[in-house]
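Asks: Enclosed is the structure file start_4.pdb (PDB, C-alpha atoms).
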```pdb
ATOM      1  CA  MET R   1     -10.796  -6.527   4.538
ATOM      2  CA  ASP R   2     -10.131  -3.907   1.828
ATOM      3  CA  GLN R   3     -11.196  -4.593  -1.774
ATOM      4  CA  ARG R   4      -8.368  -6.745  -3.002
ATOM      5  CA  ARG R   5      -6.534  -7.125  -6.279
ATOM      6  CA  GLU R   6      -8.215  -5.393  -9.207
ATOM      7  CA  ALA R   7      -7.030  -8.289 -11.323
ATOM      8  CA  GLN R   8      -4.545 -11.033 -10.618
ATOM      9  CA  ALA R   9      -1.586 -11.186 -12.961
ATOM     10  CA  ASN R  10      -1.496 -14.951 -12.733
ATOM     11  CA  GLU R  11      -5.030 -15.103 -14.062
ATOM     12  CA  ILE R  12      -4.278 -13.213 -17.238
ATOM     13  CA  ASN R  13      -1.137 -14.825 -18.591
ATOM     14  CA  GLY R  14      -1.792 -15.819 -22.169
ATOM     15  CA  SER R  15      -0.554 -18.780 -24.127
ATOM     16  CA  ARG R  16       3.172 -19.033 -24.774
ATOM     17  CA  SER R  17       4.885 -19.304 -28.161
ATOM     18  CA  ASN R  18       8.470 -20.410 -28.676
ATOM     19  CA  GLU R  19       9.565 -16.887 -27.778
ATOM     20  CA  ASN R  20       7.042 -16.535 -24.957
ATOM     21  CA  ASP R  21       5.492 -13.398 -26.417
ATOM     22  CA  SER R  22       3.097 -14.180 -29.238
ATOM     23  CA  VAL R  23      -0.545 -13.160 -29.510
ATOM     24  CA  SER R  24      -2.783 -16.176 -29.349
ATOM     25  CA  SER R  25      -5.603 -16.807 -31.787
ATOM     26  CA  LYS R  26      -8.058 -16.191 -28.964
ATOM     27  CA  GLY R  27      -6.915 -12.599 -28.459
ATOM     28  CA  PRO R  28      -4.112 -10.600 -26.842
ATOM     29  CA  ALA R  29      -1.719 -12.501 -24.596
ATOM     30  CA  LEU R  30       1.029 -11.703 -22.104
ATOM     31  CA  ARG R  31       4.473 -13.118 -21.534
ATOM     32  CA  LEU R  32       4.482 -15.713 -18.807
ATOM     33  CA  TYR R  33       7.773 -14.270 -17.529
ATOM     34  CA  PRO R  34       8.455 -10.517 -17.396
ATOM     35  CA  CYS R  35      11.047  -8.665 -19.437
ATOM     36  CA  VAL R  36      13.390  -7.822 -16.565
ATOM     37  CA  GLU R  37      15.464  -5.404 -18.669
ATOM     38  CA  LYS R  38      12.445  -3.180 -19.205
ATOM     39  CA  LYS R  39      11.582  -0.473 -16.678
ATOM     40  CA  ALA R  40       7.811  -0.073 -16.592
ATOM     41  CA  GLU R  41       6.249   3.267 -17.407
ATOM     42  CA  LYS R  42       4.101   5.232 -14.991
ATOM     43  CA  TYR R  43       0.437   5.669 -15.865
ATOM     44  CA  GLU R  44      -0.816   7.873 -13.025
ATOM     45  CA  ASP R  45      -1.280  10.820 -15.390
ATOM     46  CA  LEU R  46      -3.919   8.770 -17.254
ATOM     47  CA  GLU R  47      -5.821   7.720 -14.137
ATOM     48  CA  GLU R  48      -9.034   9.480 -15.129
ATOM     49  CA  GLU R  49      -9.020   7.782 -18.537
ATOM     50  CA  LEU R  50      -7.973   4.249 -17.565
ATOM     51  CA  GLU R  51     -10.421   1.419 -16.951
ATOM     52  CA  PHE R  52      -8.262  -0.007 -14.154
ATOM     53  CA  SER R  53      -5.700   1.133 -11.588
ATOM     54  CA  PRO R  54      -2.649   2.814 -13.203
ATOM     55  CA  HIS R  55      -0.420   0.675 -10.986
ATOM     56  CA  LEU R  56      -1.886  -2.456 -12.531
ATOM     57  CA  TYR R  57      -0.876  -1.205 -15.986
ATOM     58  CA  SER R  58       2.670  -0.575 -14.744
ATOM     59  CA  ALA R  59       2.801  -4.084 -13.292
ATOM     60  CA  LEU R  60       1.573  -5.691 -16.520
ATOM     61  CA  GLU R  61       3.750  -3.747 -18.927
ATOM     62  CA  ARG R  62       6.845  -5.919 -18.543
ATOM     63  CA  HIS R  63       4.722  -8.939 -19.493
ATOM     64  CA  LEU R  64       3.813  -7.482 -22.886
ATOM     65  CA  PRO R  65       4.971  -9.213 -26.090
ATOM     66  CA  THR R  66       8.118  -7.690 -27.608
ATOM     67  CA  SER R  67       6.216  -6.230 -30.536
ATOM     68  CA  VAL R  68       3.846  -4.393 -28.183
ATOM     69  CA  LEU R  69       6.489  -3.467 -25.606
ATOM     70  CA  SER R  70       8.310  -1.350 -28.182
ATOM     71  CA  SER R  71       5.148   0.286 -29.537
ATOM     72  CA  SER R  72       3.555   3.600 -28.554
ATOM     73  CA  ARG R  73       2.240   4.247 -25.071
ATOM     74  CA  ASP R  74      -1.332   4.508 -26.359
ATOM     75  CA  ASN R  75      -1.008   1.155 -28.075
ATOM     76  CA  LYS R  76       0.311  -0.481 -24.908
ATOM     77  CA  VAL R  77      -2.553   0.974 -22.856
ATOM     78  CA  GLN R  78      -5.124  -0.310 -25.330
ATOM     79  CA  TYR R  79      -3.525  -3.761 -25.464
ATOM     80  CA  MET R  80      -3.452  -4.119 -21.673
ATOM     81  CA  THR R  81      -6.987  -2.764 -21.342
ATOM     82  CA  ASP R  82      -8.250  -5.352 -23.842
ATOM     83  CA  ILE R  83      -6.691  -8.134 -21.768
ATOM     84  CA  LEU R  84      -7.974  -6.816 -18.458
ATOM     85  CA  LEU R  85     -11.494  -6.367 -19.801
ATOM     86  CA  ARG R  86     -11.410  -9.876 -21.202
ATOM     87  CA  TYR R  87     -10.506 -11.482 -17.890
ATOM     88  CA  SER R  88     -12.125  -9.128 -15.365
ATOM     89  CA  PRO R  89     -15.717  -9.988 -14.389
ATOM     90  CA  ARG R  90     -18.272  -7.339 -15.275
ATOM     91  CA  SER R  91     -19.121  -6.899 -11.588
ATOM     92  CA  ASP R  92     -15.473  -6.070 -10.810
ATOM     93  CA  ARG R  93     -15.315  -3.537 -13.630
ATOM     94  CA  SER R  94     -18.476  -1.871 -12.368
ATOM     95  CA  ARG R  95     -17.072  -1.725  -8.827
ATOM     96  CA  LEU R  96     -13.793  -0.238 -10.022
ATOM     97  CA  GLN R  97     -15.581   2.331 -12.125
ATOM     98  CA  LYS R  98     -17.729   3.401  -9.184
ATOM     99  CA  HIS R  99     -14.716   3.659  -6.914
ATOM    100  CA  GLY R 100     -12.883   5.744  -9.501
ATOM    101  CA  GLU R 101     -15.862   8.111  -9.701
ATOM    102  CA  TYR R 102     -16.023   8.269  -5.902
ATOM    103  CA  ARG R 103     -12.333   9.130  -5.656
ATOM    104  CA  GLN R 104     -12.522  11.723  -8.405
ATOM    105  CA  LYS R 105     -15.456  13.427  -6.714
ATOM    106  CA  ILE R 106     -13.398  13.825  -3.534
ATOM    107  CA  ILE R 107     -10.268  15.072  -5.293
ATOM    108  CA  SER R 108     -12.283  17.580  -7.345
ATOM    109  CA  ASN R 109     -13.844  19.143  -4.255
ATOM    110  CA  TYR R 110     -11.420  18.732  -1.362
ATOM    111  CA  GLN R 111      -8.834  21.505  -0.921
ATOM    112  CA  PRO R 112      -5.565  20.168   0.560
ATOM    113  CA  LEU R 113      -4.043  21.924   3.555
ATOM    114  CA  HIS R 114      -0.394  20.948   2.967
ATOM    115  CA  ARG R 115       0.211  20.479  -0.752
ATOM    116  CA  VAL R 116       3.840  19.584  -0.088
ATOM    117  CA  LEU R 117       2.604  16.178   1.131
ATOM    118  CA  TYR R 118       1.192  15.294  -2.264
ATOM    119  CA  THR R 119       4.572  14.792  -3.943
ATOM    120  CA  MET R 120       7.560  12.952  -2.537
ATOM    121  CA  HIS R 121      10.144  15.147  -0.778
ATOM    122  CA  ALA R 122      12.379  12.576   0.869
ATOM    123  CA  ALA R 123      14.678  15.051   2.623
ATOM    124  CA  ASP R 124      11.671  16.690   4.277
ATOM    125  CA  PHE R 125       9.805  13.479   5.077
ATOM    126  CA  PHE R 126      12.432  11.046   6.375
ATOM    127  CA  VAL R 127      15.129  11.195   9.051
ATOM    128  CA  PRO R 128      18.721  11.389   7.674
ATOM    129  CA  SER R 129      19.729   7.929   8.946
ATOM    130  CA  PHE R 130      16.896   6.323   6.987
ATOM    131  CA  ILE R 131      17.715   8.236   3.786
ATOM    132  CA  LYS R 132      21.377   7.213   4.084
ATOM    133  CA  ALA R 133      20.474   3.528   4.490
ATOM    134  CA  ILE R 134      18.184   3.628   1.463
ATOM    135  CA  SER R 135      20.776   5.405  -0.682
ATOM    136  CA  GLU R 136      23.406   2.757   0.172
ATOM    137  CA  ASN R 137      20.770   0.071  -0.494
ATOM    138  CA  THR R 138      22.521  -2.895   1.112
ATOM    139  CA  GLU R 139      21.524  -5.361   3.782
ATOM    140  CA  GLU R 140      24.337  -4.003   5.935
ATOM    141  CA  SER R 141      23.081  -0.412   5.636
ATOM    142  CA  PHE R 142      19.539  -1.490   6.514
ATOM    143  CA  ARG R 143      20.644  -3.494   9.542
ATOM    144  CA  LYS R 144      22.553  -0.492  10.866
ATOM    145  CA  ILE R 145      19.291   1.400  11.399
ATOM    146  CA  MET R 146      16.913  -1.510  12.014
ATOM    147  CA  SER R 147      16.230  -3.720  14.980
ATOM    148  CA  GLU R 148      14.736  -7.163  14.380
ATOM    149  CA  ALA R 149      12.830  -7.141  17.644
ATOM    150  CA  SER R 150      11.207 -10.485  16.858
ATOM    151  CA  PRO R 151      11.750 -12.825  13.885
ATOM    152  CA  GLY R 152      10.390 -11.020  10.824
ATOM    153  CA  VAL R 153       9.412  -7.841  12.724
ATOM    154  CA  PHE R 154      11.681  -4.835  12.083
ATOM    155  CA  THR R 155      11.603  -1.432  13.780
ATOM    156  CA  PHE R 156      13.489   1.737  12.848
ATOM    157  CA  GLU R 157      13.380   5.531  12.959
ATOM    158  CA  MET R 158      11.717   6.779   9.782
ATOM    159  CA  LEU R 159       9.586   9.939   9.738
ATOM    160  CA  GLN R 160      10.554  13.463  10.702
ATOM    161  CA  PRO R 161       8.370  15.161  13.361
ATOM    162  CA  ARG R 162       7.365  17.886  10.885
ATOM    163  CA  PHE R 163       6.032  15.286   8.437
ATOM    164  CA  CYS R 164       4.002  13.645  11.214
ATOM    165  CA  GLU R 165       2.575  17.037  12.215
ATOM    166  CA  MET R 166       1.615  17.923   8.643
ATOM    167  CA  MET R 167       0.016  14.549   7.980
ATOM    168  CA  LEU R 168      -1.998  14.762  11.184
ATOM    169  CA  ALA R 169      -3.177  18.249  10.203
ATOM    170  CA  GLU R 170      -4.026  17.082   6.669
ATOM    171  CA  VAL R 171      -6.122  14.197   7.969
ATOM    172  CA  GLN R 172      -7.858  16.512  10.428
ATOM    173  CA  ASN R 173      -8.563  18.966   7.595
ATOM    174  CA  PHE R 174      -9.983  16.197   5.414
ATOM    175  CA  GLU R 175     -12.238  14.959   8.219
ATOM    176  CA  LYS R 176     -13.454  18.512   8.781
ATOM    177  CA  TRP R 177     -14.366  18.713   5.081
ATOM    178  CA  VAL R 178     -16.177  15.369   5.348
ATOM    179  CA  ARG R 179     -18.239  16.625   8.304
ATOM    180  CA  GLU R 180     -19.062  19.970   6.698
ATOM    181  CA  THR R 181     -20.092  18.497   3.355
ATOM    182  CA  LYS R 182     -21.693  15.401   4.913
ATOM    183  CA  PHE R 183     -19.776  13.344   2.371
ATOM    184  CA  ARG R 184     -19.961   9.635   3.107
ATOM    185  CA  ILE R 185     -16.452   8.170   2.920
ATOM    186  CA  MET R 186     -15.145   4.616   2.796
ATOM    187  CA  ARG R 187     -13.178   3.527   5.846
ATOM    188  CA  PRO R 188      -9.746   1.875   5.515
ATOM    189  CA  ASN R 189     -10.970  -1.694   6.078
ATOM    190  CA  THR R 190     -13.753  -3.728   7.624
ATOM    191  CA  MET R 191     -12.155  -3.708  11.092
ATOM    192  CA  ASN R 192     -11.687   0.053  11.583
ATOM    193  CA  LYS R 193     -14.692   2.353  11.941
ATOM    194  CA  PHE R 194     -12.478   5.456  12.174
ATOM    195  CA  GLY R 195      -9.687   6.616   9.890
ATOM    196  CA  SER R 196      -9.303   7.636   6.255
ATOM    197  CA  VAL R 197      -7.988   6.148   3.020
ATOM    198  CA  LEU R 198      -5.209   8.543   2.015
ATOM    199  CA  ASP R 199      -5.266   7.358  -1.590
ATOM    200  CA  ASP R 200      -8.854   8.551  -1.918
ATOM    201  CA  PHE R 201      -8.115  12.233  -1.397
ATOM    202  CA  GLY R 202      -5.059  12.634  -3.602
ATOM    203  CA  LEU R 203      -2.088  11.034  -1.835
ATOM    204  CA  GLN R 204      -2.012   7.904  -3.976
ATOM    205  CA  ASN R 205       0.936   8.872  -6.199
ATOM    206  CA  MET R 206       3.092  10.059  -3.306
ATOM    207  CA  LEU R 207       2.410   6.872  -1.361
ATOM    208  CA  GLN R 208       3.146   4.724  -4.410
ATOM    209  CA  LYS R 209       6.581   6.351  -4.674
ATOM    210  CA  PHE R 210       6.937   5.924  -0.892
ATOM    211  CA  MET R 211       6.363   2.199  -1.357
ATOM    212  CA  GLU R 212       8.500   1.768  -4.485
ATOM    213  CA  ASP R 213      11.546   3.795  -3.436
ATOM    214  CA  PHE R 214      11.597   3.412   0.352
ATOM    215  CA  ILE R 215       9.792   0.204   1.364
ATOM    216  CA  ARG R 216      10.440  -2.120  -1.560
ATOM    217  CA  PRO R 217      14.259  -1.914  -1.276
ATOM    218  CA  ILE R 218      14.045  -3.155   2.310
ATOM    219  CA  SER R 219      11.423  -5.766   1.432
ATOM    220  CA  ARG R 220      13.686  -7.060  -1.349
ATOM    221  CA  VAL R 221      16.207  -8.044   1.334
ATOM    222  CA  PHE R 222      14.017  -9.154   4.256
ATOM    223  CA  PHE R 223      10.775 -10.423   2.700
ATOM    224  CA  THR R 224      11.890 -12.546  -0.235
ATOM    225  CA  GLU R 225       9.381 -15.266   0.671
ATOM    226  CA  VAL R 226       6.469 -12.992  -0.259
ATOM    227  CA  GLY R 227       8.097 -11.434  -3.327
ATOM    228  CA  GLY R 228       9.453  -8.329  -1.623
ATOM    229  CA  SER R 229      11.377  -7.224  -4.715
ATOM    230  CA  THR R 230       8.232  -7.343  -6.876
ATOM    231  CA  LEU R 231       5.884  -5.229  -4.759
ATOM    232  CA  ASP R 232       4.072  -2.916  -7.166
ATOM    233  CA  GLY R 233       0.895  -1.649  -5.480
ATOM    234  CA  HIS R 234      -0.327  -0.343  -2.169
ATOM    235  CA  HIS R 235      -3.280   0.620   0.026
ATOM    236  CA  GLY R 236      -2.443   3.689   2.136
ATOM    237  CA  PHE R 237      -4.526   4.865   5.082
ATOM    238  CA  VAL R 238      -4.571   6.203   8.612
ATOM    239  CA  VAL R 239      -6.325   4.615  11.588
ATOM    240  CA  GLU R 240      -7.484   6.441  14.706
ATOM    241  CA  TYR R 241      -7.695   5.033  18.224
ATOM    242  CA  GLY R 242      -8.967   6.577  21.447
ATOM    243  CA  THR R 243     -11.800   6.422  23.943
ATOM    244  CA  ASP R 244     -14.048   8.173  21.381
ATOM    245  CA  ARG R 245     -12.592   6.297  18.373
ATOM    246  CA  ASP R 246     -11.693   2.681  17.742
ATOM    247  CA  ILE R 247     -10.375   1.453  21.075
ATOM    248  CA  ASP R 248      -8.491  -1.677  20.057
ATOM    249  CA  LEU R 249      -8.075  -4.060  17.128
ATOM    250  CA  GLY R 250      -8.668  -7.784  17.199
ATOM    251  CA  PHE R 251      -6.269 -10.547  16.251
ATOM    252  CA  HIS R 252      -5.871 -10.646  12.442
ATOM    253  CA  VAL R 253      -3.585 -10.762   9.405
ATOM    254  CA  ASP R 254      -3.340  -7.979   6.809
ATOM    255  CA  ASP R 255      -4.489  -8.002   3.206
ATOM    256  CA  ALA R 256      -0.938  -7.355   2.032
ATOM    257  CA  GLU R 257       2.412  -8.989   1.336
ATOM    258  CA  VAL R 258       4.276  -6.484   3.548
ATOM    259  CA  THR R 259       2.901  -3.960   6.060
ATOM    260  CA  LEU R 260       4.456  -0.660   7.124
ATOM    261  CA  ASN R 261       2.974   0.848  10.300
ATOM    262  CA  VAL R 262       4.179   4.227  11.648
ATOM    263  CA  CYS R 263       2.732   6.123  14.585
ATOM    264  CA  LEU R 264       2.111   9.789  13.740
ATOM    265  CA  GLY R 265       1.095  10.817  17.293
ATOM    266  CA  LYS R 266      -0.694  12.256  19.314
ATOM    267  CA  GLN R 267      -0.562  11.883  23.128
ATOM    268  CA  PHE R 268      -1.884   8.523  24.335
ATOM    269  CA  THR R 269      -1.423   5.597  26.665
ATOM    270  CA  GLY R 270      -1.863   1.940  25.780
ATOM    271  CA  GLY R 271      -2.391   0.795  22.212
ATOM    272  CA  GLU R 272       0.531  -1.640  22.060
ATOM    273  CA  LEU R 273       0.739  -4.009  19.090
ATOM    274  CA  PHE R 274       1.019  -7.699  19.867
ATOM    275  CA  PHE R 275       2.487 -10.231  17.427
ATOM    276  CA  ARG R 276       1.961 -13.983  17.406
ATOM    277  CA  GLY R 277       3.881 -15.446  14.454
ATOM    278  CA  VAL R 278       3.357 -15.925  10.712
ATOM    279  CA  ARG R 279       0.729 -18.379   9.487
ATOM    280  CA  CYS R 280      -0.652 -19.534   6.159
ATOM    281  CA  GLU R 281      -4.347 -19.140   5.461
ATOM    282  CA  LYS R 282      -5.244 -22.613   6.752
ATOM    283  CA  HIS R 283      -3.515 -22.168  10.115
ATOM    284  CA  VAL R 284      -4.289 -18.560  11.087
ATOM    285  CA  ASN R 285      -5.847 -19.680  14.363
ATOM    286  CA  SER R 286      -3.250 -22.270  15.325
ATOM    287  CA  ASP R 287      -1.468 -22.134  18.691
ATOM    288  CA  THR R 288       1.271 -19.586  19.333
ATOM    289  CA  GLN R 289       4.756 -20.714  20.268
ATOM    290  CA  PRO R 290       6.529 -18.883  23.139
ATOM    291  CA  GLU R 291       9.232 -17.495  20.829
ATOM    292  CA  GLU R 292       6.548 -15.904  18.614
ATOM    293  CA  ILE R 293       5.177 -13.639  21.344
ATOM    294  CA  PHE R 294       6.190 -10.008  20.932
ATOM    295  CA  ASP R 295       4.607  -6.734  22.107
ATOM    296  CA  TYR R 296       5.484  -3.341  20.650
ATOM    297  CA  ALA R 297       4.868   0.125  22.138
ATOM    298  CA  HIS R 298       4.337   2.878  19.566
ATOM    299  CA  ILE R 299       6.681   5.869  19.304
ATOM    300  CA  ALA R 300       5.824   8.743  16.960
ATOM    301  CA  GLY R 301       7.924   8.636  13.794
ATOM    302  CA  ARG R 302       9.217   5.123  14.444
ATOM    303  CA  ALA R 303       8.212   2.459  11.913
ATOM    304  CA  ILE R 304       7.455  -1.210  12.272
ATOM    305  CA  LEU R 305       7.666  -3.420   9.170
ATOM    306  CA  HIS R 306       6.387  -6.985   8.945
ATOM    307  CA  CYS R 307       4.945  -9.605   6.640
ATOM    308  CA  GLY R 308       1.211  -9.115   6.097
ATOM    309  CA  ARG R 309       0.513 -12.655   7.276
ATOM    310  CA  HIS R 310       2.230 -12.051  10.602
ATOM    311  CA  ARG R 311      -0.642 -12.394  13.082
ATOM    312  CA  HIS R 312      -1.138  -9.313  15.230
ATOM    313  CA  GLY R 313      -3.598  -7.022  16.977
ATOM    314  CA  ALA R 314      -3.695  -3.792  18.988
ATOM    315  CA  ARG R 315      -4.407  -3.487  22.691
ATOM    316  CA  ALA R 316      -6.803  -0.864  24.006
ATOM    317  CA  THR R 317      -5.784   2.778  23.847
ATOM    318  CA  THR R 318      -6.697   3.757  27.400
ATOM    319  CA  SER R 319      -6.356   7.558  27.135
ATOM    320  CA  GLY R 320      -5.674  10.239  24.563
ATOM    321  CA  GLN R 321      -5.668   9.647  20.816
ATOM    322  CA  ARG R 322      -3.332   7.557  18.649
ATOM    323  CA  ILE R 323      -3.147   7.958  14.861
ATOM    324  CA  ASN R 324      -1.064   5.650  12.705
ATOM    325  CA  LEU R 325      -0.078   5.679   9.060
ATOM    326  CA  LEU R 326      -0.268   2.283   7.376
ATOM    327  CA  ILE R 327       0.838   1.218   3.932
ATOM    328  CA  TRP R 328      -0.206  -2.250   2.851
ATOM    329  CA  CYS R 329       2.326  -3.160   0.167
ATOM    330  CA  ARG R 330       1.066  -5.563  -2.454
ATOM    331  CA  ARG R 331       2.150  -7.606  -5.432
ATOM    332  CA  TYR R 332      -0.434  -7.677  -8.211
TER
END
```
Output the file's structure as structure tokens, nothing else.
Replies:
Amino acid sequence: MDQRREAQANEINGSRSNENDSVSSKGPALRLYPCVEKKAEKYEDLEEELEFSPHLYSALERHLPTSVLSSSRDNKVQYMTDILLRYSPRSDRSRLQKHGEYRQKIISNYQPLHRVLYTMHAADFFVPSFIKAISENTEESFRKIMSEASPGVFTFEMLQPRFCEMMLAEVQNFEKWVRETKFRIMRPNTMNKFGSVLDDFGLQNMLQKFMEDFIRPISRVFFTEVGGSTLDGHHGFVVEYGTDRDIDLGFHVDDAEVTLNVCLGKQFTGGELFFRGVRCEKHVNSDTQPEEIFDYAHIAGRAILHCGRHRHGARATTSGQRINLLIWCRRY
């Protein structure tokens, strides 16, 4: 599966004082419990300078001691970096550095086709019914547009046709650049030999806002058992299926707390998803109960949202080409 968790927040909590925010004698420490009144800053503008993912800094900020939380941005960055360096193995830091260099090399050389995709424009991306449900932000408003086709599996209209068309064209343009430059890219995960990581060619910030503002509100209501309200990171990519691409996808679980999967197009037959119930790590291969069996046929622009540990796979795409957008939503 994809490289997972730059650092785990539960591995870097420091010692607690009476006020739960002191610096221990062994070095910088974090609050065990976050300051819920504090809205975390964004650090994407510092991505080239940071040692770790900017989203990890945003996730850690609310765990900072009071004295640091109210200090300058530079001071907070340095404090969090010191902690992350202290607890992150050297091999992980080297891997992250190399991936950052790899990503920067792509972004510096690839020329986007549709720059409008690189910042969030909700009115242009999403169908009105979805925007209305998100703006009302209640379980009732979500259920009005969603169908719980199987326990824990929700489907709903989400993306406008124009967005799907532009994203397909952008991916095609990126793949053309890859072929022409002979640039060797990383694939989305170990199971897909075709497809692209959208975060790697500049869409990371847009997809992070996509996750925070449009997936997390729903997850807060329907995926409480995996911390839906605390999702703070993502892995965004497209997968490609067809007779000359990946044909199908074996039975698996995702490396995510919550998964969003939306078909972008094109013309195809086959490729249905099949679901077989949620399982913990120890029982992934246990028997399926009759009520857990559910098959789903893709429709362009229509989303399916489920827990990452909901076992599933994809049947063979028997003709044409199918391209799907996936966002693995994570809690660091």
Asks: Could you give me, as JSON lines, every segment 236-287 of chain R residue with an atom at most 7 Å from segment 308-317 of chain R, plus its closest atom pair and distance in Å to one decimal, counting only C-alpha atoms, rows ordered by chain then number?
Replies:
```
{"residue": "R:Tyr241", "atom": "CA", "partner": "R:Thr317", "partner_atom": "CA", "distance": 6.4}
{"residue": "R:Gly242", "atom": "CA", "partner": "R:Thr317", "partner_atom": "CA", "distance": 5.5}
{"residue": "R:Ile247", "atom": "CA", "partner": "R:Ala316", "partner_atom": "CA", "distance": 5.2}
{"residue": "R:Asp248", "atom": "CA", "partner": "R:Ala316", "partner_atom": "CA", "distance": 4.4}
{"residue": "R:Leu249", "atom": "CA", "partner": "R:Ala314", "partner_atom": "CA", "distance": 4.8}
{"residue": "R:Gly250", "atom": "CA", "partner": "R:Gly313", "partner_atom": "CA", "distance": 5.1}
{"residue": "R:Phe251", "atom": "CA", "partner": "R:Gly313", "partner_atom": "CA", "distance": 4.5}
{"residue": "R:His252", "atom": "CA", "partner": "R:Arg311", "partner_atom": "CA", "distance": 5.6}
{"residue": "R:Val253", "atom": "CA", "partner": "R:Arg311", "partner_atom": "CA", "distance": 5.0}
{"residue": "R:Asp254", "atom": "CA", "partner": "R:Gly308", "partner_atom": "CA", "distance": 4.7}
{"residue": "R:Asp255", "atom": "CA", "partner": "R:Gly308", "partner_atom": "CA", "distance": 6.5}
{"residue": "R:Ala256", "atom": "CA", "partner": "R:Gly308", "partner_atom": "CA", "distance": 4.9}
{"residue": "R:Glu257", "atom": "CA", "partner": "R:Gly308", "partner_atom": "CA", "distance": 4.9}
{"residue": "R:Val258", "atom": "CA", "partner": "R:Gly308", "partner_atom": "CA", "distance": 4.8}
{"residue": "R:Thr259", "atom": "CA", "partner": "R:Gly308", "partner_atom": "CA", "distance": 5.4}
{"residue": "R:Phe268", "atom": "CA", "partner": "R:Thr317", "partner_atom": "CA", "distance": 7.0}
{"residue": "R:Thr269", "atom": "CA", "partner": "R:Thr317", "partner_atom": "CA", "distance": 5.9}
{"residue": "R:Gly270", "atom": "CA", "partner": "R:Thr317", "partner_atom": "CA", "distance": 4.5}
{"residue": "R:Gly271", "atom": "CA", "partner": "R:Thr317", "partner_atom": "CA", "distance": 4.3}
{"residue": "R:Glu272", "atom": "CA", "partner": "R:Arg315", "partner_atom": "CA", "distance": 5.3}
{"residue": "R:Leu273", "atom": "CA", "partner": "R:Ala314", "partner_atom": "CA", "distance": 4.4}
{"residue": "R:Phe274", "atom": "CA", "partner": "R:His312", "partner_atom": "CA", "distance": 5.4}
{"residue": "R:Phe275", "atom": "CA", "partner": "R:His312", "partner_atom": "CA", "distance": 4.3}
{"residue": "R:Arg276", "atom": "CA", "partner": "R:Arg311", "partner_atom": "CA", "distance": 5.3}
{"residue": "R:Gly277", "atom": "CA", "partner": "R:His310", "partner_atom": "CA", "distance": 5.4}
{"residue": "R:Val278", "atom": "CA", "partner": "R:His310", "partner_atom": "CA", "distance": 4.0}
{"residue": "R:Arg279", "atom": "CA", "partner": "R:Arg309", "partner_atom": "CA", "distance": 6.1}
```
Asks: Suppose we keep C-alpha atoms; can you now write the selection as a short mmCIF file (atom, residue, chain, number, x, y, z; two decimals), in the coordinates of the input?
Replies:
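Printed below is part.cif as written:
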```
data_model
loop_
_atom_site.label_atom_id
_atom_site.label_comp_id
_atom_site.auth_asym_id
_atom_site.auth_seq_id
_atom_site.Cartn_x
_atom_site.Cartn_y
_atom_site.Cartn_z
CA TYR R 241 -7.70 5.03 18.22
CA GLY R 242 -8.97 6.58 21.45
CA ILE R 247 -10.38 1.45 21.08
CA ASP R 248 -8.49 -1.68 20.06
CA LEU R 249 -8.07 -4.06 17.13
CA GLY R 250 -8.67 -7.78 17.20
CA PHE R 251 -6.27 -10.55 16.25
CA HIS R 252 -5.87 -10.65 12.44
CA VAL R 253 -3.58 -10.76 9.40
CA ASP R 254 -3.34 -7.98 6.81
CA ASP R 255 -4.49 -8.00 3.21
CA ALA R 256 -0.94 -7.36 2.03
CA GLU R 257 2.41 -8.99 1.34
CA VAL R 258 4.28 -6.48 3.55
CA THR R 259 2.90 -3.96 6.06
CA PHE R 268 -1.88 8.52 24.34
CA THR R 269 -1.42 5.60 26.66
CA GLY R 270 -1.86 1.94 25.78
CA GLY R 271 -2.39 0.80 22.21
CA GLU R 272 0.53 -1.64 22.06
CA LEU R 273 0.74 -4.01 19.09
CA PHE R 274 1.02 -7.70 19.87
CA PHE R 275 2.49 -10.23 17.43
CA ARG R 276 1.96 -13.98 17.41
CA GLY R 277 3.88 -15.45 14.45
CA VAL R 278 3.36 -15.92 10.71
CA ARG R 279 0.73 -18.38 9.49
#
```
Asks: How would you write, as an MDAnalysis selection string, the residues chosen by the PyMOL selection byres ((chain R and resi 50) around 12) on this structure?
Replies: chainID R and resid 43:49 51:57 74 77:78 80:82 84:85 93 96:97 100:101
Asks: Since we have the selection now, will you write its residues out, keeping C-alpha atoms, as a compact mmCIF listing (two decimals), in the coordinates of the input?
Replies:
```txt
# COMPACT_ATOMS: atom_id res chain seq x y z
CA TYR R 43 0.44 5.67 -15.86
CA GLU R 44 -0.82 7.87 -13.02
CA ASP R 45 -1.28 10.82 -15.39
CA LEU R 46 -3.92 8.77 -17.25
CA GLU R 47 -5.82 7.72 -14.14
CA GLU R 48 -9.03 9.48 -15.13
CA GLU R 49 -9.02 7.78 -18.54
CA GLU R 51 -10.42 1.42 -16.95
CA PHE R 52 -8.26 -0.01 -14.15
CA SER R 53 -5.70 1.13 -11.59
CA PRO R 54 -2.65 2.81 -13.20
CA HIS R 55 -0.42 0.68 -10.99
CA LEU R 56 -1.89 -2.46 -12.53
CA TYR R 57 -0.88 -1.20 -15.99
CA ASP R 74 -1.33 4.51 -26.36
CA VAL R 77 -2.55 0.97 -22.86
CA GLN R 78 -5.12 -0.31 -25.33
CA MET R 80 -3.45 -4.12 -21.67
CA THR R 81 -6.99 -2.76 -21.34
CA ASP R 82 -8.25 -5.35 -23.84
CA LEU R 84 -7.97 -6.82 -18.46
CA LEU R 85 -11.49 -6.37 -19.80
CA ARG R 93 -15.32 -3.54 -13.63
CA LEU R 96 -13.79 -0.24 -10.02
CA GLN R 97 -15.58 2.33 -12.12
CA GLY R 100 -12.88 5.74 -9.50
CA GLU R 101 -15.86 8.11 -9.70
```
Asks: Which residues, written as a list in words, have at least one atom at most 12 Å from Met186 of chain R, with all atoms listed in the file counted and residues fewer than 4 positions away on the same chain left out?
Replies: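 The residues satisfying every condition are Asp2, Gln3, His99, Tyr102, Arg103, Ile106, Val178, Thr190, Asn192, Lys193, Phe194, Gly195, Ser196, Val197, Leu198, Asp199, Asp200, Phe201 and Phe237 of chain R.
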